[in-house]
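Since the structure comes first, as structure tokens, the remarks are kept for the end.
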Amino acid sequence: MDLKQILGDLNRESFITLLSKLIGESKFVQNNPPELTPEEDRVGKHVLDVLQPYSTSNGGEGPLIINHVSYVKGRGNIIVEYPGSDDQGRILSFVGCHMDVVTANPDDWDFDPFSLSIDGDKLRGRGTTDCLGHVALVTELMRRLGETKPKLRSSVVAVFIANEENSTIPGIGVDALVKDGLLNKLKQGPLYWIDTADKQPCVGTGGMISWTIKATGKLFHSGLAHKSTFLGFWHVASEGTNGEVLKELCELERGGGGKDRKQVAINPMELLMESLKEIQLQFYRDFPPHPKEQLYGFATPSTMKPTQWSYPGGGVNQIPGECTISGDVRLTPFYDINDVTKKLHAYIDDINANIEKLDSRGPVSKYVLPDENLRGKLTLSFGKAPMSGVACNLDSRGFHVLCNATKEVVGHVKPYSITGSLPLIRELQDEGFDVQTAGYGLMATYHAKNEYCLFSDMCLGFQVLVSIISQLENDG
């Protein structure tokens, strides 16, 4: 019998029952340390409850081989294998279904994010699109394999992972599994990372570098553009002087007393605005649109942009002594992250060395005070470890199978790329895995409030995964 007939369609009742339990745990698997540390085993328990009846554990008949691997208490990963008969190691895998979620504030949502609600085709709650919906989907696929026991030459492996949403604490999820060699045999076949959206192959993602530039100037009153007589006027006025003295000081200011006026402030905001303009212009010269971006369907080239301003505080009439601007670089995978960080440092060093040449803003806008031996200064720092993008292998059998399955089930295939970032998959590719990515949630609700997915899309996703297995099974 044809494999597609054996496995059938996604069972609504069992899928919804499982997904309801998973979304019910979403409050406890929010990943934003140190405030919120997920307990992925709460999700994993429900996965294991579904699959254990078909496992070899505890003397069971199988056929599923299940390995629950924990590096931190309460934060396990689950590897599930449906073994094939081929002794040459034929294999395919579905990886990337993660059991943690991003945070959700119930006050901002139109419905409870931490319980599954159903509105027609919509399945609503935190994690329905990213990624508990996929956890339920792949669990149901492995359950059907365990129930029906089709004879396959290829082994089918599912890996449910911890700690995908926050990479500041390594050694918990797929990175640790790879380091320990627990996924090595997956290199012998395509690895499908099931954690994107919109039912089409995602063939490219962007790298990301978070950066902060701090400008140091000299704090001063914004109404005092120079020192000597004007400083004297301000001091005496502030002490409460008589009108004759004030009049005399004003005359001095308008006349000869102002001849030795000197710049006394370095405005770090002006310094930073002008510097950032130069840095961005140089970035776009050094990292222009790459020819391969069109082939992969990237909507945008590499970008560098500010996203946050901050300063220590003070009155509106006070030039601050420092200010900070932060942002990110989104880098298409055809450029190297390390090259960018080196270039950014070089841009900063060049501006600091030639700060006198930087454009200023008006006659009293300066970045150097020679009499005080002061110079404005920029310092650059980076946030969490930069993340590299990935360009999937468009020539691999795994990619062509995914495209064929998508066209067959969805009705059309249109691979796409984004400069959003997916953690971990570039590292897998660098380790020798043939990584392809797909997903069946909705990009419009990814990490958003009022997150939902469509049951009809998950049904299509189930059929795509079955088609992938079937096609690879028919390979010679």
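Labels used: A, B, ... for chains in the order of the structure tokens, numbers from 1 for residues in each chain, and numbers from 1 for ligands as shown.
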With a distance cut-off of 9 Å and only C-alpha atoms, select the neighbouring residues of range 157-163 of chain A, excluding the residue or stretch itself and same-chain residues fewer than 3 positions from it, and output the selection as a ChimeraX atom specification. /A:31,38-41,44,75-83,91-101,135,138-139,142,166-167,169-170,172-174,186
Would you kindly return, as number ranges by chain, each protein, DNA or RNA residue with an atom no farther than 9 Å from any atom of range 325-337 of chain A, considering only C-alpha atoms and excluding same-chain residues fewer than 5 positions away? A: 204-215, 272, 276, 287, 289-290, 292-293, 298, 300-311, 342, 386-391, 418-421
From a DSSP pass on the backbone, collect the residues of range 29-274 of chain A flagged as alpha helix (DSSP H) and hand them back as a compact mmCIF listing (two decimals) with N, CA and C atoms, in the first residue's frame.
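Final output, out.txt:
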# COMPACT_ATOMS: atom_id res chain seq x y z
N ASP A 41 10.76 20.31 29.82
CA ASP A 41 10.26 18.98 30.13
C ASP A 41 8.75 18.96 30.36
N ARG A 42 8.17 20.11 30.67
CA ARG A 42 6.71 20.16 30.82
C ARG A 42 6.04 19.89 29.48
N VAL A 43 6.63 20.42 28.39
CA VAL A 43 6.14 20.12 27.04
C VAL A 43 6.55 18.70 26.65
N GLY A 44 7.79 18.35 26.94
CA GLY A 44 8.31 17.04 26.57
C GLY A 44 7.51 15.90 27.17
N LYS A 45 6.97 16.10 28.37
CA LYS A 45 6.17 15.05 29.00
C LYS A 45 4.97 14.67 28.14
N HIS A 46 4.32 15.68 27.56
CA HIS A 46 3.14 15.39 26.73
C HIS A 46 3.55 14.70 25.42
N VAL A 47 4.69 15.09 24.87
CA VAL A 47 5.20 14.40 23.68
C VAL A 47 5.48 12.94 24.01
N LEU A 48 6.14 12.71 25.12
CA LEU A 48 6.48 11.33 25.51
C LEU A 48 5.22 10.52 25.83
N ASP A 49 4.24 11.16 26.43
CA ASP A 49 2.99 10.44 26.73
C ASP A 49 2.34 9.90 25.46
N VAL A 50 2.44 10.67 24.37
CA VAL A 50 1.86 10.24 23.09
C VAL A 50 2.67 9.12 22.46
N LEU A 51 3.99 9.21 22.56
CA LEU A 51 4.86 8.31 21.80
C LEU A 51 5.31 7.08 22.57
N LEU A 132 5.26 25.38 19.14
CA LEU A 132 4.57 24.24 19.73
C LEU A 132 3.61 23.59 18.75
N GLY A 133 3.10 24.38 17.78
CA GLY A 133 2.28 23.78 16.73
C GLY A 133 3.06 22.77 15.92
N HIS A 134 4.33 23.07 15.66
CA HIS A 134 5.18 22.12 14.94
C HIS A 134 5.57 20.94 15.81
N VAL A 135 5.74 21.17 17.11
CA VAL A 135 6.00 20.05 18.02
C VAL A 135 4.85 19.04 17.94
N ALA A 136 3.62 19.57 18.00
CA ALA A 136 2.45 18.69 17.91
C ALA A 136 2.37 18.00 16.55
N LEU A 137 2.67 18.74 15.48
CA LEU A 137 2.61 18.20 14.13
C LEU A 137 3.56 17.03 13.95
N VAL A 138 4.82 17.22 14.32
CA VAL A 138 5.82 16.17 14.12
C VAL A 138 5.59 15.01 15.09
N THR A 139 5.09 15.31 16.29
CA THR A 139 4.73 14.23 17.22
C THR A 139 3.65 13.34 16.60
N GLU A 140 2.65 13.97 15.98
CA GLU A 140 1.59 13.20 15.35
C GLU A 140 2.11 12.36 14.18
N LEU A 141 3.07 12.89 13.44
CA LEU A 141 3.69 12.13 12.36
C LEU A 141 4.38 10.88 12.91
N MET A 142 5.16 11.06 13.98
CA MET A 142 5.88 9.92 14.55
C MET A 142 4.91 8.93 15.20
N ARG A 143 3.82 9.43 15.78
CA ARG A 143 2.81 8.52 16.33
C ARG A 143 2.21 7.64 15.24
N ARG A 144 1.90 8.25 14.09
CA ARG A 144 1.32 7.49 12.99
C ARG A 144 2.30 6.44 12.47
N LEU A 145 3.57 6.77 12.41
CA LEU A 145 4.56 5.78 12.00
C LEU A 145 4.60 4.63 13.01
N GLY A 146 4.54 4.98 14.30
CA GLY A 146 4.56 3.94 15.32
C GLY A 146 3.32 3.07 15.29
N GLU A 147 2.18 3.67 14.99
CA GLU A 147 0.93 2.92 14.94
C GLU A 147 0.87 1.97 13.75
N THR A 148 1.23 2.51 12.58
CA THR A 148 1.00 1.78 11.33
C THR A 148 2.17 0.88 10.94
N VAL A 174 20.23 21.92 20.88
CA VAL A 174 20.80 21.19 19.76
C VAL A 174 22.30 21.36 19.67
N ASP A 175 22.84 22.49 20.15
CA ASP A 175 24.29 22.68 20.12
C ASP A 175 24.99 21.60 20.95
N ALA A 176 24.40 21.27 22.09
CA ALA A 176 25.00 20.22 22.94
C ALA A 176 24.83 18.84 22.32
N LEU A 177 23.69 18.59 21.68
CA LEU A 177 23.48 17.31 21.01
C LEU A 177 24.52 17.09 19.91
N VAL A 178 24.79 18.15 19.15
CA VAL A 178 25.79 18.05 18.08
C VAL A 178 27.18 17.83 18.68
N LYS A 179 27.49 18.59 19.72
CA LYS A 179 28.81 18.48 20.35
C LYS A 179 29.06 17.07 20.85
N THR A 229 33.81 85.84 29.80
CA THR A 229 32.85 86.81 30.30
C THR A 229 31.46 86.23 30.43
N PHE A 230 31.05 85.38 29.49
CA PHE A 230 29.69 84.84 29.55
C PHE A 230 29.55 83.91 30.75
N LEU A 231 30.63 83.18 31.05
CA LEU A 231 30.59 82.35 32.24
C LEU A 231 30.50 83.21 33.49
N GLY A 232 31.21 84.34 33.48
CA GLY A 232 31.12 85.26 34.61
C GLY A 232 29.71 85.79 34.76
N PHE A 233 29.08 86.18 33.66
CA PHE A 233 27.71 86.68 33.69
C PHE A 233 26.78 85.64 34.31
N TRP A 234 26.94 84.38 33.89
CA TRP A 234 26.06 83.33 34.41
C TRP A 234 26.28 83.12 35.91
N HIS A 235 27.55 83.15 36.33
CA HIS A 235 27.84 82.92 37.74
C HIS A 235 27.27 84.04 38.61
N VAL A 236 27.53 85.30 38.22
CA VAL A 236 27.05 86.42 39.02
C VAL A 236 25.54 86.47 39.02
N ALA A 237 24.93 86.25 37.84
CA ALA A 237 23.47 86.28 37.76
C ALA A 237 22.86 85.21 38.65
N SER A 238 23.52 84.07 38.68
CA SER A 238 22.96 82.97 39.47
C SER A 238 23.04 83.28 40.96
N GLU A 239 24.00 84.17 41.38
CA GLU A 239 24.14 84.53 42.78
C GLU A 239 23.19 85.66 43.18
N GLY A 243 21.33 95.35 38.91
CA GLY A 243 21.15 95.62 37.50
C GLY A 243 22.36 96.26 36.84
N GLU A 244 23.13 97.11 37.57
CA GLU A 244 24.29 97.76 36.97
C GLU A 244 25.36 96.74 36.59
N VAL A 245 25.56 95.75 37.48
CA VAL A 245 26.56 94.72 37.18
C VAL A 245 26.14 93.89 35.99
N LEU A 246 24.85 93.52 35.97
CA LEU A 246 24.35 92.74 34.85
C LEU A 246 24.49 93.51 33.55
N LYS A 247 24.19 94.83 33.63
CA LYS A 247 24.31 95.66 32.44
C LYS A 247 25.75 95.70 31.95
N GLU A 248 26.69 95.83 32.89
CA GLU A 248 28.10 95.89 32.52
C GLU A 248 28.56 94.57 31.88
N LEU A 249 28.12 93.47 32.49
CA LEU A 249 28.51 92.18 31.93
C LEU A 249 27.94 91.98 30.54
N CYS A 250 26.72 92.46 30.35
CA CYS A 250 26.12 92.34 29.03
C CYS A 250 26.89 93.17 28.01
N GLU A 251 27.33 94.37 28.43
CA GLU A 251 28.12 95.18 27.51
C GLU A 251 29.42 94.49 27.16
N LEU A 252 30.05 93.89 28.17
CA LEU A 252 31.28 93.16 27.90
C LEU A 252 31.03 92.03 26.90
N GLU A 253 29.89 91.35 27.09
CA GLU A 253 29.57 90.24 26.20
C GLU A 253 29.39 90.71 24.77
N ARG A 254 28.73 91.85 24.62
CA ARG A 254 28.48 92.35 23.26
C ARG A 254 29.74 92.96 22.66
N PRO A 268 27.73 65.22 22.28
CA PRO A 268 27.88 63.83 21.84
C PRO A 268 26.75 63.39 20.91
N MET A 269 25.59 64.04 21.00
CA MET A 269 24.49 63.67 20.10
C MET A 269 24.81 64.05 18.66
N GLU A 270 25.33 65.27 18.49
CA GLU A 270 25.74 65.68 17.14
C GLU A 270 26.88 64.81 16.63
N LEU A 271 27.83 64.53 17.53
CA LEU A 271 28.95 63.67 17.16
C LEU A 271 28.45 62.30 16.71
N LEU A 272 27.52 61.76 17.44
CA LEU A 272 27.04 60.42 17.14
C LEU A 272 26.20 60.40 15.87
N MET A 273 25.37 61.42 15.67
CA MET A 273 24.56 61.46 14.45
C MET A 273 25.42 61.56 13.20
N GLU A 274 26.41 62.42 13.24
CA GLU A 274 27.29 62.57 12.07
C GLU A 274 28.13 61.32 11.86
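Between Cys202 in chain A and the candidates A:Ser14, A:Gln463, A:Thr406, A:Thr445, the tightest atom-to-atom separation, counting only C-alpha atoms, involves A:Thr406.
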Residues of range 78-133 of chain A within 6 Å of range 20-24 of chain A: nearest atom pair and distance (Å, one decimal) for each, counting only C-alpha atoms, sorted by chain and number, as JSON lines?
{"residue": "A:Phe114", "atom": "CA", "partner": "A:Gly24", "partner_atom": "CA", "distance": 5.5}
{"residue": "A:Ser115", "atom": "CA", "partner": "A:Gly24", "partner_atom": "CA", "distance": 4.9}
{"residue": "A:Leu116", "atom": "CA", "partner": "A:Ser20", "partner_atom": "CA", "distance": 5.2}
Could you save the residues just selected, with N, CA, C and O atoms, as a PDB file, in the first residue's frame?
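This is the output file result_34.pdb:
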ATOM      1  N   PHE A 114      -2.004  31.719  27.073  1.00  0.00           N
ATOM      2  CA  PHE A 114      -1.483  30.500  27.681  1.00  0.00           C
ATOM      3  C   PHE A 114      -2.506  29.368  27.738  1.00  0.00           C
ATOM      4  O   PHE A 114      -2.359  28.420  28.498  1.00  0.00           O
ATOM      5  N   SER A 115      -3.539  29.472  26.929  1.00  0.00           N
ATOM      6  CA  SER A 115      -4.465  28.342  26.750  1.00  0.00           C
ATOM      7  C   SER A 115      -4.929  28.354  25.304  1.00  0.00           C
ATOM      8  O   SER A 115      -5.083  29.420  24.701  1.00  0.00           O
ATOM      9  N   LEU A 116      -5.124  27.180  24.753  1.00  0.00           N
ATOM     10  CA  LEU A 116      -5.530  27.082  23.358  1.00  0.00           C
ATOM     11  C   LEU A 116      -6.993  27.482  23.216  1.00  0.00           C
ATOM     12  O   LEU A 116      -7.856  26.989  23.943  1.00  0.00           O
TER      13      LEU A 116
END
My list of candidates is A:Arg153, A:Lys357, A:Lys73, A:His221. Which is closest to Ile469 in chain A when distances are computed with only C-alpha atoms?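 Closest to Ile469 in chain A of all the choices is A:Arg153.
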Here is a test: counting only C-alpha atoms, which residue of A:Ser275, A:Gly297, A:Gly89, A:Asn338 is nearest to Asn354 in chain A? A:Ser275
Nearest to Ser381 in chain A: which of A:His345, A:Ser70, A:Thr196, A:Ser470 is it, counting only C-alpha atoms? A:His345
In Å to one decimal, how far is CA of Gly461 in chain A from CA of Ser26 in chain A?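 So the two atoms, CA of Ser26 in chain A and CA of Gly461 in chain A, lie 22.1 Å apart.
Restricting the calculation to only C-alpha atoms, the smallest distance between Pro113 in chain A and any of A:Pro312, A:Pro201, A:Pro291, A:Gly127 is found for A:Gly127.
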One number please: CA of Ile65 in chain A to CA of Pro423 in chain A, in Å, one decimal.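 These atoms are spaced 27.1 Å apart.
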